[in-house]
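Here's the structure, in structure tokens; my notes come after.
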Amino acid sequence: MIGLLQRVREAYVDVEGQRVAEIGCGLLVLVGVEKNDTEADADRLLQRLLGYRVFEDEQRRMNHSVVEVQGGLLLVPQFTLAADTRKGMRPSFSSAAAPGEGKRWFDYLTSRASQLHSPVGSGVFGADMQVGLVNDGPVTFWLQT
């Protein structure tokens, strides 16, 4: 499972002109589900997202997690993160999970996140989404389980 996390001042997801989720300060995470991902992969990614220290302390060092700063968490499914781009001029999605499995593990991740943290928002799996954000830093990290 892949999480591309961005520290944001604000972020939102719109679907068909309707705002389906938004957060203020926190993390926007684009989530890619790969073949053979499991519940353990989703749990490990969530543990890392909630504990990853990307927010600054008083000395301007990244020493605080989203939990410690009481920030929002916005999870957005993005199967293109699982693309193989090593060859040619067109990505291969052979390593991405099938849509049913991808939705299953994305929904699991979102559900677990909501149980452990607040606020949590999410995009809509399989929808054409418009995602807006103000990246703070910019600070962006690639996490993979």
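Residue numbers start at 1 in each chain; chains themselves are named A, B, ... in the order of the structure tokens; ligands are numbered from 1 in the order shown.
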### Task
Using only C-alpha atoms, determine which residues lie at most 12 Å from stretch 45-51 of chain A, disregarding the query and same-chain residues fewer than 4 positions distant; provide the list as a PyMOL selection string.
chain A and resi 1-7+26-33+37-41+55+62-75+105-106+108-120+141-145
### Task
Pick out the residues sitting within 10 Å of A:Val124, and hand them over as a PyMOL selection string; count only C-alpha atoms, and ignore anything fewer than 4 positions along from it in its own chain.
chain A and resi 13-15+20-21+75-78+103+106-107+128-129
Residue selection dump (C-alpha atoms) as a PDB file, in the first residue's frame:
```
ATOM      1  CA  VAL A  13     -12.287  16.862  -2.504  1.00  0.00           C
ATOM      2  CA  ASP A  14     -15.169  17.655  -4.849  1.00  0.00           C
ATOM      3  CA  VAL A  15     -17.181  15.092  -6.803  1.00  0.00           C
ATOM      4  CA  VAL A  20     -17.482  15.601  -0.222  1.00  0.00           C
ATOM      5  CA  ALA A  21     -14.644  16.211   2.248  1.00  0.00           C
ATOM      6  CA  LEU A  75      -7.548  10.170   2.417  1.00  0.00           C
ATOM      7  CA  VAL A  76      -7.974  10.123  -1.360  1.00  0.00           C
ATOM      8  CA  PRO A  77      -7.871   6.912  -3.430  1.00  0.00           C
ATOM      9  CA  GLN A  78      -5.481   7.126  -6.373  1.00  0.00           C
ATOM     10  CA  LYS A 103     -11.994  -0.333  -2.717  1.00  0.00           C
ATOM     11  CA  PHE A 106      -9.228   1.832   0.927  1.00  0.00           C
ATOM     12  CA  ASP A 107     -12.560   1.610   2.781  1.00  0.00           C
ATOM     13  CA  ASP A 128     -13.755  11.557 -10.955  1.00  0.00           C
ATOM     14  CA  MET A 129     -12.541  13.836  -8.165  1.00  0.00           C
TER      15      MET A 129
END
```
### Query
Which of stretch 99-136 of chain A counts as strand (DSSP E) under DSSP, as a count of residues only please?
11
### 6 Å contact set for A:Cys25, only C-alpha atoms, chain neighbours under 3 positions out, as number ranges by chain
A: 8-10, 71
### Task
Might you pull out every residue within 7 Å of A:Ala96, with only C-alpha atoms counted and same-chain residues fewer than 4 positions away left off, and present them as number ranges by chain?
A: 33-35, 79, 82-83
Write out the residues from the selection above, keeping C-alpha atoms, as a PDB file, in the first residue's frame.
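Writing the result to again.pdb gives the following:
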```pdb
ATOM      1  CA  VAL A  33      -3.534  -0.061  -3.243  1.00  0.00           C
ATOM      2  CA  GLU A  34      -1.309  -2.712  -4.791  1.00  0.00           C
ATOM      3  CA  LYS A  35      -1.927  -6.367  -5.589  1.00  0.00           C
ATOM      4  CA  PHE A  79      -4.755   3.876  -8.186  1.00  0.00           C
ATOM      5  CA  ALA A  82       0.706   1.857  -8.189  1.00  0.00           C
ATOM      6  CA  ALA A  83       1.772   2.419 -11.807  1.00  0.00           C
TER       7      ALA A  83
END
```
### Query
What separation in Å, quoted to one decimal, exists between atom CA of A:Arg19 and atom CA of A:Thr140?
23.6 Å
